[in-house]
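Undergrad: This is the structure, below, for whatever I ask next.
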Amino acid sequence: MSERTLVLIKPDGVERGLTGEILRRVEQKGYRVAELKKVAATQVQLAEHYAEHEGKPFYQPLVDFMLSGPIVAAVVEGDGVISGFRSLCGVSDPTAAAPGTIRGDLGRDWGEKVQKNLVHGSDSAESAAREIRIWFG
Ligand code: UDP
Ligand code: MG
């Protein structure tokens with residue numbers, strides 16, 4: 001089976017009506033959306049999902065942001081998709097993210113304690129397996 005990654009469209013992406021545009025980019029790249037759902041994240045899911053960031057200054061603003069509205073969760077499949085989707089996203093800071101990327105084209109700094117950057121993508125095979133379990137059981 002080809003590689004799988006966990007993609008989240010964060011509350012800013014859903015709120016701004018960018019779900020279709022983001023999934024369009026994923027599909028146009030040639031990846032396959034294997035699972036897709038709109039959900040309200042729970043504190044428990046977020047604590048597990050962002051465990052590596054606990055204690056950092058942006059941690060609580062990040063959790064509050066992720067609880068602020070519905071998110072869209074997807075499992076995306078394809079050879080090389082873990083790093084490939086990270087390339088489609090661009091870097092975490094939307095001001096620095098390159099034009100042509102999701103964060104570079106569609107995102108910007110809103111002057112808040114957390115960078116609202118539209119999307120999450122797993123950063124390794126281990127993260128992908130762990131995160132797909134958190135969001136899809
Ligand atoms: N984040 C932030 N400020 C920072 C670093 C991260 O607001 O200095 C937020 C941002 O929304 C980011 C998330 O925390 O997407 C998780 O951070 P990570 O470093 O894992 O970035 P990602 O893997 O999402 O690019
Ligand atoms: Mg990360």
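Scheme for the structure tokens: letters A, B, ... for chains in order shown; per-chain residue numbers from 1; ligand numbers from 1 in order shown.
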Can you tell me, as a list in words, what residues are no more than 7 Å from Val75 of chain A when counting only C-alpha atoms, ignoring any on the same chain fewer than 5 positions away?
TA: Arg4, Thr5, Leu6, Val7, Val33, Ala34, Glu35 and Leu36 of chain A
Undergrad: Output the selection as a tab-separated table (two decimals), in the first residue's frame - N, CA, C and O atoms for each residue.
TA:
chain	number	residue	atom	x	y	z
A	4	ARG	N	0.49	6.97	3.55
A	4	ARG	CA	-0.67	7.74	3.98
A	4	ARG	C	-0.23	8.84	4.94
A	4	ARG	O	0.66	8.64	5.75
A	5	THR	N	-0.90	9.99	4.86
A	5	THR	CA	-0.62	11.09	5.78
A	5	THR	C	-1.93	11.65	6.33
A	5	THR	O	-2.99	11.47	5.72
A	6	LEU	N	-1.82	12.31	7.48
A	6	LEU	CA	-3.00	12.94	8.09
A	6	LEU	C	-2.97	14.42	7.73
A	6	LEU	O	-1.99	15.12	8.01
A	7	VAL	N	-4.04	14.86	7.11
A	7	VAL	CA	-4.21	16.28	6.76
A	7	VAL	C	-5.35	16.85	7.60
A	7	VAL	O	-6.42	16.23	7.68
A	33	VAL	N	-7.70	11.28	-1.83
A	33	VAL	CA	-8.34	11.49	-0.51
A	33	VAL	C	-9.03	10.18	-0.14
A	33	VAL	O	-10.05	9.82	-0.73
A	34	ALA	N	-8.45	9.48	0.83
A	34	ALA	CA	-8.95	8.14	1.19
A	34	ALA	C	-10.04	8.22	2.24
A	34	ALA	O	-10.95	7.39	2.25
A	35	GLU	N	-9.94	9.18	3.15
A	35	GLU	CA	-10.95	9.38	4.21
A	35	GLU	C	-11.14	10.88	4.36
A	35	GLU	O	-10.17	11.64	4.23
A	36	LEU	N	-12.38	11.29	4.70
A	36	LEU	CA	-12.65	12.72	4.82
A	36	LEU	C	-13.83	12.95	5.76
A	36	LEU	O	-14.86	12.30	5.62
Undergrad: DSSP on the backbone, helix (DSSP H, G or I) only: what residues of segment 12-47 of chain A does that give? Format it as a ChimeraX atom specification.
TA: /A:12-15,19-29,43-47
Undergrad: Suppose we keep C-alpha atoms; can you now write the selection as a compact mmCIF listing (two decimals), in the first residue's frame?
TA:
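The result, stored in selection-v9.txt:
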# COMPACT_ATOMS: atom_id res chain seq x y z
CA ASP A 12 -9.42 29.25 9.70
CA GLY A 13 -9.43 27.24 6.47
CA VAL A 14 -12.94 25.91 7.06
CA GLU A 15 -14.25 29.31 8.23
CA THR A 19 -11.74 23.49 2.11
CA GLY A 20 -12.45 22.91 -1.58
CA GLU A 21 -9.42 24.90 -2.74
CA ILE A 22 -7.09 22.97 -0.41
CA LEU A 23 -8.49 19.56 -1.39
CA ARG A 24 -8.33 20.62 -5.06
CA ARG A 25 -4.59 21.19 -4.70
CA VAL A 26 -4.14 17.79 -3.04
CA GLU A 27 -6.08 16.01 -5.79
CA GLN A 28 -4.55 18.03 -8.60
CA LYS A 29 -1.11 16.98 -7.35
CA GLN A 43 -9.28 18.70 24.10
CA VAL A 44 -8.15 15.07 24.42
CA GLN A 45 -7.45 14.73 20.68
CA LEU A 46 -5.54 18.00 20.60
CA ALA A 47 -3.47 17.21 23.70
Undergrad: Residues at most 9 Å from ligand 1, using only C-alpha atoms and all ligand atoms? Could they come as a PDB file with C-alpha atoms, in the first residue's frame?
TA:
ATOM      1  CA  LYS A  10      -7.739  24.030  10.524  1.00  0.00           C
ATOM      2  CA  TYR A  50       0.174  18.438  19.737  1.00  0.00           C
ATOM      3  CA  GLU A  52       5.381  17.609  21.260  1.00  0.00           C
ATOM      4  CA  HIS A  53       4.526  21.316  21.666  1.00  0.00           C
ATOM      5  CA  LYS A  56       5.797  26.162  24.364  1.00  0.00           C
ATOM      6  CA  PRO A  57       4.421  29.734  24.396  1.00  0.00           C
ATOM      7  CA  PHE A  58       2.116  29.094  21.444  1.00  0.00           C
ATOM      8  CA  TYR A  59       0.720  25.825  22.840  1.00  0.00           C
ATOM      9  CA  PRO A  61      -3.267  29.651  21.846  1.00  0.00           C
ATOM     10  CA  LEU A  62      -2.836  26.793  19.348  1.00  0.00           C
ATOM     11  CA  VAL A  63      -5.196  24.500  21.260  1.00  0.00           C
ATOM     12  CA  PHE A  65      -7.543  28.095  17.995  1.00  0.00           C
ATOM     13  CA  MET A  66      -8.081  24.436  17.049  1.00  0.00           C
ATOM     14  CA  ARG A  86       4.388  19.250   3.530  1.00  0.00           C
ATOM     15  CA  CYS A  89       1.769  23.414   2.553  1.00  0.00           C
ATOM     16  CA  GLY A  90       4.911  25.509   2.725  1.00  0.00           C
ATOM     17  CA  VAL A  91       6.631  26.458   5.970  1.00  0.00           C
ATOM     18  CA  SER A  92       4.702  27.088   9.209  1.00  0.00           C
ATOM     19  CA  ASP A  93       4.953  30.892   9.126  1.00  0.00           C
ATOM     20  CA  GLU A 112      -2.247  36.706  16.975  1.00  0.00           C
ATOM     21  CA  LYS A 113      -0.363  34.545  19.477  1.00  0.00           C
ATOM     22  CA  VAL A 114      -0.765  31.564  17.185  1.00  0.00           C
ATOM     23  CA  GLN A 115      -0.031  31.380  13.477  1.00  0.00           C
ATOM     24  CA  LYS A 116      -3.284  30.532  11.750  1.00  0.00           C
ATOM     25  CA  ASN A 117      -1.841  28.667   8.820  1.00  0.00           C
ATOM     26  CA  LEU A 118      -4.792  26.739   7.390  1.00  0.00           C
ATOM     27  CA  VAL A 119      -3.452  23.205   7.362  1.00  0.00           C
ATOM     28  CA  HIS A 120      -1.663  20.459   9.243  1.00  0.00           C
ATOM     29  CA  GLY A 121       0.283  17.634   7.626  1.00  0.00           C
ATOM     30  CA  SER A 122       2.094  14.777   9.371  1.00  0.00           C
ATOM     31  CA  ASP A 123       5.879  15.203   9.452  1.00  0.00           C
TER      32      ASP A 123
END
Undergrad: For segment 105-111 of chain A, find every residue with an atom within 6 Å (counting only C-alpha atoms), except residues of its own chain fewer than 6 positions away, and show them as an mmCIF file with N, CA and C atoms, in the first residue's frame.
TA:
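Printed below is result-v4.cif as written:
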data_model
loop_
_atom_site.group_PDB
_atom_site.id
_atom_site.type_symbol
_atom_site.label_atom_id
_atom_site.label_comp_id
_atom_site.auth_asym_id
_atom_site.auth_seq_id
_atom_site.Cartn_x
_atom_site.Cartn_y
_atom_site.Cartn_z
ATOM 1 N N PRO A 94 3.147 31.744 7.711
ATOM 2 C CA PRO A 94 2.558 32.075 6.399
ATOM 3 C C PRO A 94 3.197 33.286 5.728
ATOM 4 N N THR A 95 3.836 34.138 6.509
ATOM 5 C CA THR A 95 4.547 35.275 5.904
ATOM 6 C C THR A 95 5.759 34.788 5.111
ATOM 7 N N PRO A 99 5.187 31.634 -2.213
ATOM 8 C CA PRO A 99 4.064 31.670 -3.149
ATOM 9 C C PRO A 99 4.012 30.343 -3.916
ATOM 10 N N ASN A 117 -2.482 28.976 10.099
ATOM 11 C CA ASN A 117 -1.841 28.667 8.820
ATOM 12 C C ASN A 117 -2.560 27.573 8.033
#
Undergrad: Need to verify the contact set: Lys38 of chain A, 8 Å, only C-alpha atoms, exclusion of same-chain residues closer than 2 positions in sequence. Can you return it as a PyMOL selection string?
TA: chain A and resi 36+40+70-73
Undergrad: At a cut-off of 9 Å, using only C-alpha atoms, what residues contact Ser2 of chain A? Leave out same-chain residues fewer than 2 positions from it and give the result as a PyMOL selection string.
TA: chain A and resi 4+77-81
Undergrad: Apply DSSP to the structure's backbone, then extract all residues of segment 28-136 of chain A labelled strand (DSSP E or B) and return them as a ChimeraX atom specification.
TA: /A:32-39,71-77,119-121
Undergrad: At what distance in Å, to one decimal, does atom CA of Phe85 of chain A lie from atom CA of Tyr31 of chain A?
TA: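 Atom CA of Phe85 of chain A lies at a distance of 8.9 Å from atom CA of Tyr31 of chain A.
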Undergrad: Nearest to ligand 2: which of A:His49, A:Arg130, A:Glu54, A:Glu3 is it, counting only C-alpha atoms and all ligand atoms?
TA: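 Under the stated criterion, the closest residue is A:His49.
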